[in-house]
Amino acid sequence: MTTFDVAAIRADFPILGRTVRDGRRLVYLDSGATSQKPFQVLDAERDFYEKHNAAVHRGAHQIAEEATDAYEAARANIAHFVGAQANDIVFTKNATEAINLVSYTFLNATLKSLRGKDLPKGAQRFVLAEGDEIVVTEMEHHANLVPWQELADKTGAVLRWIGLTDDGRLDYDSAKLIIGSRTKVVAFTHQSNLLGTVNHVAQLVELAKSVNAVTVLDACQSVPHMAVDVVDLGVDFMAWSGHKMLGPLGIGCLWGRAELLNAMPPFITGGSMIETVSMEKTTFAAPPARFEAGVPQAAQVVGLSAAVDYLNAIGMGNVAAHERHLTQLAITELAAIPGVRIIGPTDTSNRGSAVSFVVDGVHPHDVGQILDEQGIAVRVGHHCAWPVCRRYSVPATTRATFYIYNDDSEVHALASAVRDAQKFFGV
Amino acid sequence: MTTFDVAAIRADFPILGRTVRDGRRLVYLDSGATSQKPFQVLDAERDFYEKHNAAVHRGAHQIAEEATDAYEAARANIAHFVGAQANDIVFTKNATEAINLVSYTFLNATLKSLRGKDLPKGAQRFVLAEGDEIVVTEMEHHANLVPWQELADKTGAVLRWIGLTDDGRLDYDSAKLIIGSRTKVVAFTHQSNLLGTVNHVAQLVELAKSVNAVTVLDACQSVPHMAVDVVDLGVDFMAWSGHKMLGPLGIGCLWGRAELLNAMPPFITGGSMIETVSMEKTTFAAPPARFEAGVPQAAQVVGLSAAVDYLNAIGMGNVAAHERHLTQLAITELAAIPGVRIIGPTDTSNRGSAVSFVVDGVHPHDVGQILDEQGIAVRVGHHCAWPVCRRYSVPATTRATFYIYNDDSEVHALASAVRDAQKFFGV
Amino acid sequence: MKLEHMYQDIILDHYKHPHGKGLAEDFNAEVHHVNPTCGDEITLRVTIDPDDHKKLIVSYDNQGCSISQASASILFDQLNGKTFAEGEAAVDHIVAMLQRAVEPDEDILGDGIALEGVAQYPARVKCALLSWMAWKDAAIQALGTENSTQNESN
Amino acid sequence: MKLEHMYQDIILDHYKHPHGKGLAEDFNAEVHHVNPTCGDEITLRVTIDPDDHKKLIVSYDNQGCSISQASASILFDQLNGKTFAEGEAAVDHIVAMLQRAVEPDEDILGDGIALEGVAQYPARVKCALLSWMAWKDAAIQALGTENSTQNESN
Ligand SMILES: Cc1ncc(COP(=O)(O)O)c(C=O)c1O
Ligand SMILES: Cc1ncc(COP(=O)(O)O)c(C=O)c1O
């Protein structure tokens, strides 16, 4: 990896210069929860506020024009990053809202259709009947599970799910049995945030297409870590968060196929998403405006665009290769410790950089505490994927996740601290 | 106003140092759309990212602890600003989402109740029957109108509204006829963003209470401009946006009465709002977490808290007095121009600083353009309150809004530029 | 000064004395377009010339700012009685001009070349294009009705 | 070192050899509390002592980290067989201790004073309090059932 200079990258991240717990160097292995931000992103956001701050799409004066231009140029840049057209990207506050936007589309289309209210052409695609099926997987983050449970609860649709194999993969055989003629939507993650597993998107898309079901991809853990092209993937919707890819908090993205976005009734309603309004009746703007009610998060969008520039400069292929290297190292070092078990695939093919593990005799919370005392920030708990813990009969896991600013020494520190935890708890 | 030093305040706002349109000083009279940000707010946000950035409520390591503490301390500070308890404040991306959260509560409670699904105790309050009534006013921002139209469309409830008098006030006489035994919710604005009218909250609350209807106050244009105390107001819900009160974009607030928040099913669902999750069934956390799905906008919340500190240091009484002075001046100077008509109250009692007007023979868009050329940023159009334009038979208005960083010279500049517009268009 | 460049006398003249404003009774298609940010609106009708099916007759009514009104008046001058191909070429040209992608061509746009200054004010570009987009929408619909009528009569 | 202060031997000892773990068959109230961020959970039952209606018998089963498990074991030592007033005072005291609002009192908390070090780790305070909150919830419910039974038998 001649092109990959971790030290130079680290210098761009102010927080990595701080110490924790009485002067320890911060070893940040929690990018799966949220990434750190380079100064380029912080500068872009600040520059927007200091020079161009105005309500986007609501003003004709110069700074409103500038703010609107900055917002839309950022949209185009972010769209390009995932191989999309600008107008097919909708900004939300996070991936969670983006997924809810899709699940509520089904709810709203169903209710409006029942009452014979106006719906865009093609909205029938989103109308659910009692007994229609929603398919997810057992490895979903709560963000891609609970919205579908709720949709089922409110419409009489049935939630079904594709199970997992013992080695942490999707059970594709059972997927063929579960996705069927009543399936209206298949929602699944690109990469599991707990197991690290990268799913075979094409295979699920093919099954979904064969029954004309809508596909929703949770790309929270893929877009930040590998080159992603929505056209290649073939899904209908893709959701992800800016804060996990060096961008600011408070900004998420939904990409949707243009003809589907056009066919969708609105979700959150209010200003800037309308065409005409009277007390009696409102008509709605075209996408993406239709789904961006209220004054938008322009500064965050501009910041996310700077994050995209930052990642592009490194190259997503290099990002993925660097992470693969660290993941391999971490798996090797952790698996070598007696009493440590990895939850998730132990080979690095079709696998991302989330490495979850349990230590016999030491609860993950306690493992995390010992690591933290050494300045190593990992996440402990169920990682918002509680069903995965249940599936593998663990109450919780300790999880390390890697990103561009991590290096080999941090993996060594992790493994060494896990041994210390074993010593501390006498196991 | 000995305590009010506009020059000192202006020095805190980097953007006010810039020029527009070939070197003109920026005269920013569009704070009603979004306010500018002092460096104290920008510094607070940046400091969070540079020192404490982590996923709030999702980690046990030191920076996650710090991030969580910063987030919750900010919540307490913001709550205190409006006389509320911390746990009764829910963070959203903007006021629009906050209002939708309430309107979707009615939808979700109604649907779950119909299907006999689990609902929190007390949720019956939110269950609508065919023909139940939702009351709004004719002066609502689209954000407090369209969500209720949509709710009516999806539930069979009926939307009714309180009209306006010729002088830009609510027609309280008709309110008494409209709020009745079928009324389940009364949603109204504290201050009209187009007319400037400040409504008599107590009077509407009393009417709503007499029929046990839930009250929802849109406080977007009041919280930034005057001292607001939710307990005194007596409403059940209050929504506002951070970006109009010196805070960052991307952060809104919903305050709700504790017993109502407790009784509400969730709106957006996903991580961090759950209690337990299995594939079969999810239970939900207590408020406010129940309504904050996904990684929260901690940096924005911290920034908003700094904005609150900034406003507290000035004193909201002083803010209101300063604005009253500018509003009086603007109304006097504009009303003195032949061919200029103010849309909204012309006396400053129960009136905020939004001053809308039309110029005979010059379309508002053209007025705005001439003003912009002189560096004066105002908003033109229907201001997301289209029904108000219809009510007063104007296609649109030009609107100036004032805040703490505006001074008398800017009002003079406004009036003088309006005369120039008349000259330019030969009227 | 940029402002005078946008508000040329010829524009203000069209604004104050619009050409062809008023709706025809008969029409093949009617559209209603609005600019949601400012509320400008236009109702535009396209009638297929009974004597020459290739020609499209335009009528309209509108309200809005000087730019959107002047632009509609200019559109009337340029497109009334023209073919779809001619009109579409003009629409493409004005869009390109307002994106500063082509030099304005008076043969195609007539007085419309005076709208060039609008390109400096991105927020106003929508005003200038409102009527042209409406025309295109209506023209396509009108031709569609003709085709379906033909189909029906087949 | 702060960490050793939290993980005192006495805590680790309770963790490895918990007191009173296992659920009683009979009970007046059962609650199930979880810490949603990490998944720690406890099922706790409160039985009103048939011989002395003022005394509350505690039984529990749980899973979780050392702090939450040790804390439950300590709770058993301190509150099993105690009255509601005594138990509530202990709950108030441990909450206050973990907010650093009071000096720990061994008479009230017994081994629980060793949990003092948890106060330095805000994310762990919930672990330490999980069982105590569950006890309070269950105790109130148990007393409620007794009252309603009494009411019914009236
Ligand atoms: C009165 C009023 N209500 C609601 C809103 C919506 O606020 P936001 O766009 O921040 O959601 C605004 C401002 O746009 C407003 O002025
Ligand atoms: C796989 C996955 N899906 C969804 C989410 C939710 O993202 P957010 O909390 O930013 O909405 C996350 C991260 O929390 C995730 O890892």
# chains A, B, ... in the order shown; residues from 1 in each chain; ligands from 1
$ residues_around --residues "segment 32-47 of chain D" --least-positions-apart "6" --cutoff "7 Å" --atoms "only C-alpha atoms" --output "list in words"
Val380, Gly381, His382, Pro395 and Ala396 of chain A; Arg58, Ile274, Glu275 and Thr276 of chain B; Asp26, Leu56, Ile57, Val58, Ser59, Tyr60, Asp61, Asn62, Gln63, Gly64, Ser131, Ala134, Trp135, Ala138, Ala139 and Ala142 of chain D
$ residues_near_ligand --ligand "ligand 2" --cutoff "6 Å" --atoms "only C-alpha atoms and all ligand atoms" --output "list of chain:residue names"
A:Ala33, A:Asn94, A:Ala95, A:Thr96, A:His141, A:Ala143, A:Ser192, A:Asn193, A:Asp218, A:Cys220, A:Gln221, A:Ser241, B:Gly294, B:Val295
$ select_by_dssp --residues "segment 2-176 of chain A" --states "helix (DSSP H, G or I)" --output "PyMOL selection string"
chain A and resi 6-10+14-17+39-52+62-81+86-88+95-114+123-126+142-144+146-155+172-176
$ interface_residues --of "chain A" --to "chain D" --cutoff "10 Å" --atoms "only C-alpha atoms" --output "list in words"
Arg21, Asp22, Gly361, Val362, His363, Pro364, His365, Asp366, Val367, Gln369, Ile370, Asp372, Glu373, Arg379, Val380, Gly381, His382, His383, Cys384, Trp386, Cys389, Pro395, Ala396, Thr397, Phe424, Phe425 and Gly426 of chain A
$ select_by_dssp --residues "segment 167-405 of chain B" --states "strand (DSSP E or B)" --output "ChimeraX atom specification"
/B:170,183-189,191,197-198,214-218,237-241,252-256,274-277,282-284,340-343,351,354-359,362,376-377,379-381,397-401
$ atom_distance --atom1 "atom CA of Gln300 of chain A" --atom2 "atom CA of Ala74 of chain B"
19.7 Å
$ residues_around --residues "segment 143-146 of chain D" --least-positions-apart "6" --cutoff "10 Å" --atoms "only C-alpha atoms" --output "MDAnalysis selection string"
chainID D and resid 28:29 46:48 53:54 56 84 152
$ residues_around --residues "Lys55 of chain C" --least-positions-apart "3" --cutoff "9 Å" --atoms "only C-alpha atoms" --output "PyMOL selection string"
chain C and resi 47-52+80-84
$ interface_residues --of "chain A" --to "chain B" --cutoff "6 Å" --atoms "only C-alpha atoms" --output "ChimeraX atom specification"
/A:14-15,33-34,50-51,55,59,61,96,111-112,142-143,146-147,154,249-250,269-271,278,294,297,372,377,379,384,387
